[in-house]
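Asks: My structure is stored as run.pdb, with PDB, C-alpha atoms, pLDDT in the B column.
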ATOM      1  CA  MET A   1     -18.139 -24.211 -11.850  1.00 54.00           C
ATOM      2  CA  ALA A   2     -16.850 -21.263  -9.823  1.00 67.00           C
ATOM      3  CA  THR A   3     -14.744 -18.622 -11.517  1.00 79.00           C
ATOM      4  CA  LYS A   4     -11.055 -18.715 -10.646  1.00 93.00           C
ATOM      5  CA  HIS A   5      -9.491 -15.527  -9.342  1.00 97.00           C
ATOM      6  CA  TYR A   6      -5.831 -14.627  -8.898  1.00 98.00           C
ATOM      7  CA  LEU A   7      -4.581 -12.100  -6.365  1.00 98.00           C
ATOM      8  CA  TYR A   8      -0.948 -10.993  -6.197  1.00 98.00           C
ATOM      9  CA  TYR A   9       0.369  -9.492  -2.948  1.00 98.00           C
ATOM     10  CA  VAL A  10       3.582  -7.624  -3.784  1.00 98.00           C
ATOM     11  CA  GLU A  11       5.959  -5.654  -1.523  1.00 96.00           C
ATOM     12  CA  GLY A  12       5.948  -2.241  -3.181  1.00 95.00           C
ATOM     13  CA  GLU A  13       4.844  -0.084  -6.088  1.00 94.00           C
ATOM     14  CA  ASP A  14       7.907  -1.066  -8.146  1.00 94.00           C
ATOM     15  CA  ASP A  15       7.039  -4.763  -7.736  1.00 97.00           C
ATOM     16  CA  LYS A  16       3.414  -3.991  -8.684  1.00 97.00           C
ATOM     17  CA  LYS A  17       4.583  -2.206 -11.832  1.00 97.00           C
ATOM     18  CA  VAL A  18       6.685  -5.211 -12.884  1.00 98.00           C
ATOM     19  CA  VAL A  19       3.901  -7.724 -12.124  1.00 98.00           C
ATOM     20  CA  ASP A  20       1.328  -5.596 -13.990  1.00 98.00           C
ATOM     21  CA  THR A  21       3.673  -5.332 -16.986  1.00 98.00           C
ATOM     22  CA  LEU A  22       4.400  -9.078 -17.023  1.00 98.00           C
ATOM     23  CA  LYS A  23       0.709  -9.988 -16.933  1.00 98.00           C
ATOM     24  CA  LYS A  24      -0.939  -7.232 -18.997  1.00 97.00           C
ATOM     25  CA  ASP A  25       1.603  -6.008 -21.546  1.00 97.00           C
ATOM     26  CA  MET A  26       3.829  -9.055 -21.986  1.00 98.00           C
ATOM     27  CA  LYS A  27       1.321 -11.806 -21.104  1.00 98.00           C
ATOM     28  CA  LEU A  28       4.043 -13.884 -19.420  1.00 98.00           C
ATOM     29  CA  ILE A  29       2.229 -14.598 -16.142  1.00 98.00           C
ATOM     30  CA  ILE A  30      -1.359 -15.440 -15.221  1.00 97.00           C
ATOM     31  CA  PRO A  31      -3.555 -12.334 -15.083  1.00 97.00           C
ATOM     32  CA  GLY A  32      -4.979 -11.204 -11.780  1.00 97.00           C
ATOM     33  CA  ILE A  33      -5.238  -8.281  -9.412  1.00 98.00           C
ATOM     34  CA  ALA A  34      -1.980  -6.970  -7.907  1.00 98.00           C
ATOM     35  CA  ARG A  35      -2.122  -5.259  -4.518  1.00 98.00           C
ATOM     36  CA  VAL A  36       0.715  -3.778  -2.498  1.00 98.00           C
ATOM     37  CA  PHE A  37       1.053  -5.632   0.801  1.00 98.00           C
ATOM     38  CA  ASN A  38       4.389  -6.627   2.308  1.00 98.00           C
ATOM     39  CA  VAL A  39       3.935 -10.183   3.680  1.00 98.00           C
ATOM     40  CA  VAL A  40       7.439 -10.113   5.201  1.00 97.00           C
ATOM     41  CA  GLU A  41       6.742  -7.063   7.386  1.00 97.00           C
ATOM     42  CA  ASN A  42       2.946  -7.184   7.976  1.00 97.00           C
ATOM     43  CA  VAL A  43       0.329  -9.731   9.026  1.00 98.00           C
ATOM     44  CA  LEU A  44      -2.933 -10.054   7.093  1.00 98.00           C
ATOM     45  CA  THR A  45      -5.980  -8.683   8.897  1.00 97.00           C
ATOM     46  CA  ASN A  46      -9.600  -9.824   8.760  1.00 95.00           C
ATOM     47  CA  SER A  47     -10.552  -6.605   6.944  1.00 95.00           C
ATOM     48  CA  ARG A  48      -8.094  -7.513   4.164  1.00 96.00           C
ATOM     49  CA  LEU A  49      -9.202 -11.167   4.104  1.00 97.00           C
ATOM     50  CA  ILE A  50     -12.883 -10.330   3.567  1.00 95.00           C
ATOM     51  CA  THR A  51     -11.978  -8.576   0.303  1.00 95.00           C
ATOM     52  CA  ILE A  52     -10.694 -11.856  -1.189  1.00 97.00           C
ATOM     53  CA  LYS A  53     -13.203 -13.348  -3.604  1.00 96.00           C
ATOM     54  CA  GLU A  54     -14.290 -16.971  -3.433  1.00 95.00           C
ATOM     55  CA  ASN A  55     -12.052 -19.501  -5.253  1.00 97.00           C
ATOM     56  CA  THR A  56      -8.975 -17.219  -5.258  1.00 98.00           C
ATOM     57  CA  THR A  57      -5.390 -18.278  -5.730  1.00 98.00           C
ATOM     58  CA  VAL A  58      -3.229 -15.900  -3.686  1.00 98.00           C
ATOM     59  CA  ILE A  59       0.280 -15.285  -5.002  1.00 98.00           C
ATOM     60  CA  LEU A  60       2.748 -13.904  -2.453  1.00 98.00           C
ATOM     61  CA  VAL A  61       5.675 -12.085  -4.108  1.00 98.00           C
ATOM     62  CA  PHE A  62       8.350 -11.044  -1.631  1.00 98.00           C
ATOM     63  CA  ASP A  63      12.043 -10.225  -1.265  1.00 97.00           C
ATOM     64  CA  THR A  64      14.249 -12.603   0.699  1.00 97.00           C
ATOM     65  CA  ASP A  65      17.029 -10.162   1.608  1.00 96.00           C
ATOM     66  CA  THR A  66      15.850  -9.687   5.211  1.00 93.00           C
ATOM     67  CA  GLY A  67      15.666 -13.421   5.948  1.00 92.00           C
ATOM     68  CA  LYS A  68      12.520 -12.791   8.017  1.00 94.00           C
ATOM     69  CA  VAL A  69      10.403 -15.916   7.665  1.00 97.00           C
ATOM     70  CA  ASP A  70       8.030 -15.705  10.661  1.00 97.00           C
ATOM     71  CA  LYS A  71       5.461 -13.253   9.271  1.00 98.00           C
ATOM     72  CA  VAL A  72       5.470 -14.955   5.872  1.00 98.00           C
ATOM     73  CA  LYS A  73       4.687 -18.272   7.577  1.00 98.00           C
ATOM     74  CA  LYS A  74       1.975 -16.597   9.695  1.00 98.00           C
ATOM     75  CA  ASN A  75       0.398 -15.065   6.554  1.00 98.00           C
ATOM     76  CA  ILE A  76       0.451 -18.437   4.786  1.00 98.00           C
ATOM     77  CA  GLU A  77      -1.314 -20.004   7.784  1.00 98.00           C
ATOM     78  CA  ILE A  78      -3.937 -17.221   7.843  1.00 98.00           C
ATOM     79  CA  LEU A  79      -4.571 -17.673   4.112  1.00 98.00           C
ATOM     80  CA  LYS A  80      -4.823 -21.475   4.487  1.00 98.00           C
ATOM     81  CA  ASN A  81      -7.595 -20.921   7.039  1.00 97.00           C
ATOM     82  CA  SER A  82      -9.531 -18.533   4.784  1.00 97.00           C
ATOM     83  CA  SER A  83     -12.481 -20.244   3.097  1.00 95.00           C
ATOM     84  CA  ASN A  84     -12.143 -18.074  -0.034  1.00 96.00           C
ATOM     85  CA  VAL A  85      -8.514 -19.031  -0.689  1.00 97.00           C
ATOM     86  CA  LYS A  86      -8.175 -21.998  -3.027  1.00 97.00           C
ATOM     87  CA  GLU A  87      -4.367 -22.063  -3.264  1.00 97.00           C
ATOM     88  CA  ILE A  88      -1.328 -20.117  -2.043  1.00 98.00           C
ATOM     89  CA  ILE A  89       1.682 -19.678  -4.318  1.00 98.00           C
ATOM     90  CA  CYS A  90       4.929 -18.198  -2.997  1.00 98.00           C
ATOM     91  CA  ILE A  91       7.379 -16.357  -5.221  1.00 98.00           C
ATOM     92  CA  THR A  92      10.690 -15.590  -3.581  1.00 97.00           C
ATOM     93  CA  GLN A  93      12.568 -12.683  -5.119  1.00 97.00           C
ATOM     94  CA  VAL A  94      16.177 -13.672  -4.419  1.00 96.00           C
ATOM     95  CA  LYS A  95      17.389 -11.400  -2.864  1.00 96.00           C
ATOM     96  CA  ASN A  96      15.143  -8.614  -4.168  1.00 96.00           C
ATOM     97  CA  LEU A  97      13.433  -7.310  -7.310  1.00 97.00           C
ATOM     98  CA  GLU A  98      16.560  -5.494  -8.470  1.00 96.00           C
ATOM     99  CA  GLU A  99      18.641  -8.693  -8.372  1.00 97.00           C
ATOM    100  CA  GLU A 100      15.883 -10.571 -10.215  1.00 98.00           C
ATOM    101  CA  LEU A 101      15.951  -7.951 -12.986  1.00 98.00           C
ATOM    102  CA  VAL A 102      19.757  -8.120 -13.264  1.00 97.00           C
ATOM    103  CA  ARG A 103      19.593 -11.929 -13.435  1.00 97.00           C
ATOM    104  CA  SER A 104      16.893 -11.966 -16.110  1.00 98.00           C
ATOM    105  CA  CYS A 105      18.022  -9.019 -18.268  1.00 98.00           C
ATOM    106  CA  ASN A 106      21.242  -8.068 -19.982  1.00 97.00           C
ATOM    107  CA  ILE A 107      22.060  -5.359 -17.414  1.00 97.00           C
ATOM    108  CA  LYS A 108      24.600  -4.889 -14.613  1.00 96.00           C
ATOM    109  CA  SER A 109      22.244  -2.898 -12.360  1.00 95.00           C
ATOM    110  CA  ALA A 110      18.503  -2.274 -12.190  1.00 93.00           C
ATOM    111  CA  GLN A 111      19.116   1.430 -12.810  1.00 94.00           C
ATOM    112  CA  GLU A 112      20.191   0.603 -16.388  1.00 95.00           C
ATOM    113  CA  LEU A 113      16.605  -0.420 -17.122  1.00 94.00           C
ATOM    114  CA  THR A 114      15.266   3.054 -16.355  1.00 92.00           C
ATOM    115  CA  SER A 115      18.434   5.082 -17.047  1.00 92.00           C
ATOM    116  CA  SER A 116      18.307   6.210 -13.413  1.00 93.00           C
ATOM    117  CA  LYS A 117      21.237   7.872 -11.670  1.00 92.00           C
ATOM    118  CA  SER A 118      20.741   5.982  -8.374  1.00 89.00           C
ATOM    119  CA  LEU A 119      18.790   3.148  -6.775  1.00 84.00           C
ATOM    120  CA  ALA A 120      16.489   5.665  -5.080  1.00 85.00           C
ATOM    121  CA  ASN A 121      15.774   7.283  -8.460  1.00 93.00           C
ATOM    122  CA  TYR A 122      15.234   3.841 -10.009  1.00 92.00           C
ATOM    123  CA  LYS A 123      12.435   3.061  -7.508  1.00 87.00           C
ATOM    124  CA  ARG A 124      10.702   6.314  -8.462  1.00 90.00           C
ATOM    125  CA  ASP A 125      11.425   5.996 -12.184  1.00 94.00           C
ATOM    126  CA  ILE A 126      10.202   2.426 -12.605  1.00 94.00           C
ATOM    127  CA  LYS A 127       6.798   3.355 -11.155  1.00 91.00           C
ATOM    128  CA  ASN A 128       6.458   6.221 -13.647  1.00 92.00           C
ATOM    129  CA  ILE A 129       7.794   4.486 -16.758  1.00 93.00           C
ATOM    130  CA  THR A 130       5.148   4.019 -19.448  1.00 94.00           C
ATOM    131  CA  ASN A 131       6.990   1.521 -21.638  1.00 95.00           C
ATOM    132  CA  LEU A 132       8.456  -0.969 -19.165  1.00 97.00           C
ATOM    133  CA  ASP A 133       7.646  -3.880 -21.481  1.00 97.00           C
ATOM    134  CA  LYS A 134       9.717  -2.292 -24.252  1.00 97.00           C
ATOM    135  CA  LYS A 135      12.599  -1.585 -21.835  1.00 97.00           C
ATOM    136  CA  LEU A 136      12.562  -5.206 -20.638  1.00 98.00           C
ATOM    137  CA  LYS A 137      12.572  -6.481 -24.232  1.00 97.00           C
ATOM    138  CA  GLU A 138      15.411  -4.088 -25.169  1.00 97.00           C
ATOM    139  CA  HIS A 139      17.481  -5.648 -22.394  1.00 98.00           C
ATOM    140  CA  ASN A 140      16.652  -9.231 -23.455  1.00 98.00           C
ATOM    141  CA  PHE A 141      14.356 -10.029 -20.529  1.00 98.00           C
ATOM    142  CA  ASP A 142      14.098 -13.805 -20.004  1.00 98.00           C
ATOM    143  CA  ILE A 143      11.061 -14.971 -17.992  1.00 98.00           C
ATOM    144  CA  GLU A 144      12.758 -18.339 -17.411  1.00 97.00           C
ATOM    145  CA  LYS A 145      15.545 -16.615 -15.422  1.00 98.00           C
ATOM    146  CA  PHE A 146      13.145 -14.288 -13.563  1.00 98.00           C
ATOM    147  CA  TRP A 147      11.854 -15.678 -10.241  1.00 98.00           C
ATOM    148  CA  SER A 148      13.832 -18.862 -10.865  1.00 97.00           C
ATOM    149  CA  LYS A 149      15.864 -19.234  -7.651  1.00 96.00           C
ATOM    150  CA  ASN A 150      15.034 -20.595  -4.232  1.00 96.00           C
ATOM    151  CA  ASP A 151      16.338 -18.873  -1.122  1.00 96.00           C
ATOM    152  CA  PRO A 152      17.983 -21.385   1.264  1.00 96.00           C
ATOM    153  CA  VAL A 153      16.663 -19.661   4.423  1.00 96.00           C
ATOM    154  CA  TYR A 154      13.063 -19.789   3.198  1.00 97.00           C
ATOM    155  CA  GLU A 155      13.477 -23.235   1.631  1.00 96.00           C
ATOM    156  CA  ARG A 156      14.559 -24.687   4.998  1.00 96.00           C
ATOM    157  CA  GLU A 157      11.264 -23.378   6.368  1.00 96.00           C
ATOM    158  CA  GLY A 158       9.297 -25.095   3.595  1.00 96.00           C
ATOM    159  CA  ILE A 159       8.762 -21.949   1.499  1.00 97.00           C
ATOM    160  CA  LYS A 160       9.831 -22.644  -2.063  1.00 96.00           C
ATOM    161  CA  ASN A 161       9.709 -20.478  -5.151  1.00 98.00           C
ATOM    162  CA  GLU A 162       6.640 -21.635  -7.078  1.00 98.00           C
ATOM    163  CA  ALA A 163       6.790 -19.059  -9.892  1.00 98.00           C
ATOM    164  CA  ASP A 164       6.507 -21.785 -12.531  1.00 97.00           C
ATOM    165  CA  LYS A 165       2.874 -22.228 -11.500  1.00 98.00           C
ATOM    166  CA  ILE A 166       1.992 -18.743 -12.784  1.00 98.00           C
ATOM    167  CA  LYS A 167       4.359 -18.388 -15.738  1.00 98.00           C
ATOM    168  CA  ILE A 168       2.623 -18.810 -19.088  1.00 96.00           C
ATOM    169  CA  LYS A 169       4.610 -21.208 -21.225  1.00 80.00           C
TER     170      LYS A 169
END
Produce structure tokens that represent the structure in this file.
Replies:
Amino acid sequence: MATKHYLYYVEGEDDKKVVDTLKKDMKLIIPGIARVFNVVENVLTNSRLITIKENTTVILVFDTDTGKVDKVKKNIEILKNSSNVKEIICITQVKNLEEELVRSCNIKSAQELTSSKSLANYKRDIKNITNLDKKLKEHNFDIEKFWSKNDPVYEREGIKNEADKIKIK
């Protein structure tokens, strides 16, 4: 039987840091490789597709705050036509990573997690933090609340939040 692979495409380095922490340090989501690629703004190329191993489940993690659905749909179609892709899972961050963190932690703003003075500093600080798992636990992170909402704009287009498929119960 072929080995299963999991590949996460995330929007930015801050998203990658959170995904890596959730899978490696906290063991709350299925392990796999996380790569930065914004599926809302960019279209997958053949050179990127040939790097996908056989029997791979591709997990698309993206913000919904722009409401741009066209490129996401195009990327899903491209992945469906790739012989190495076994399954595509969409995870809608409603409206963005910062709102997901506020919803799933006992914080009023994402900056509280990193003790940052501004949102711009938060983006830099979260990438450099070495104990994100401890910070999330300190703020009562709840995986059941994280990635738990559907965005109506994307849902109307048939793109639902399927995070439950990768959360480890």
Asks: Within 10 Å of (14.0, -17.5, 0.0) (file coordinates; all atoms listed in the file), which protein or nucleic acid residues are there? I'd like them as JSON, numbers by chain.
Replies: {"A": [62, 63, 64, 65, 66, 67, 68, 69, 90, 91, 92, 93, 94, 95, 96, 149, 150, 151, 152, 153, 154, 155, 156, 157, 158, 159, 160, 161]}
Asks: Which residues, named as in the file, does the PyMOL selection byres ((chain A and resi 144) around 12) pick out? Answer as a VMD selection string.
Replies: chain A and resid 28 to 29 100 to 101 103 to 105 140 to 143 145 to 149 163 to 164 166 to 169
Asks: So, with only C-alpha atoms as the atoms that count, which of A:Lys137, A:Lys4, A:Lys80, A:Arg124 lies closest to Leu49 of chain A?
Replies: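 Under the stated criterion, the closest residue is A:Lys80.
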Asks: With a distance cut-off of 7 Å and only C-alpha atoms, select the neighbouring residues of Asn42 of chain A, excluding the residue or stretch itself and same-chain residues fewer than 3 positions from it, and output the selection as a ChimeraX atom specification.
Replies: /A:38-39,71
Asks: Which residues are near Asp20 of chain A? Cut-off 12 Å, only C-alpha atoms, ignore same chain within fewer than 6 positions. Put them as a ChimeraX atom specification.
Replies: /A:7-10,13-14,26-36,127,130-133
Asks: Grab the atom CA of Leu119 of chain A to atom CA of Glu41 of chain A distance for me, in Å with one decimal place.
Replies: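 Separation of atom CA of Leu119 of chain A and atom CA of Glu41 of chain A: 21.2 Å.
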Asks: By how many Å are atom CA of Val43 of chain A and atom CA of Lys74 of chain A apart?
Replies: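 Distance reported for this atom pair: 7.1 Å.
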Asks: Please evaluate the PyMOL selection byres ((chain A and resi 54) around 9) against the structure above and give the resulting residues as a list in words.
Replies: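 On this input, the PyMOL selection byres ((chain A and resi 54) around 9) captures Ala2, Thr3, Lys4, His5, Ile52, Lys53, Asn55, Thr56, Ser83, Asn84, Val85 and Lys86 of chain A.
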Asks: Which distance in Å separates atom CA of Glu87 of chain A and atom CA of Lys165 of chain A, to one decimal?
Replies: 11.0 Å
Asks: Of the residues A:Ile107, A:Asn46, A:Ile59, A:Thr114, which is the one nearest to Asn128 of chain A, using all atoms listed in the file?
Replies: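 Under the stated criterion, the closest residue is A:Thr114.
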Asks: When distances are computed from only C-alpha atoms, which of A:Leu113, A:Gly12, A:Val102, A:Leu44 shows the smallest separation from Glu77 of chain A?
Replies: A:Leu44
Asks: Return as lines of an AutoDock Vina configuration file the box centre and box size in Å, one decimal, for an axis-aligned box around all listed atoms of segment 98-115 of chain A padded by 6 Å per side.
Replies:
center_x = 19.9
center_y = -3.4
center_z = -14.2
size_x = 21.3
size_y = 29.0
size_z = 23.6
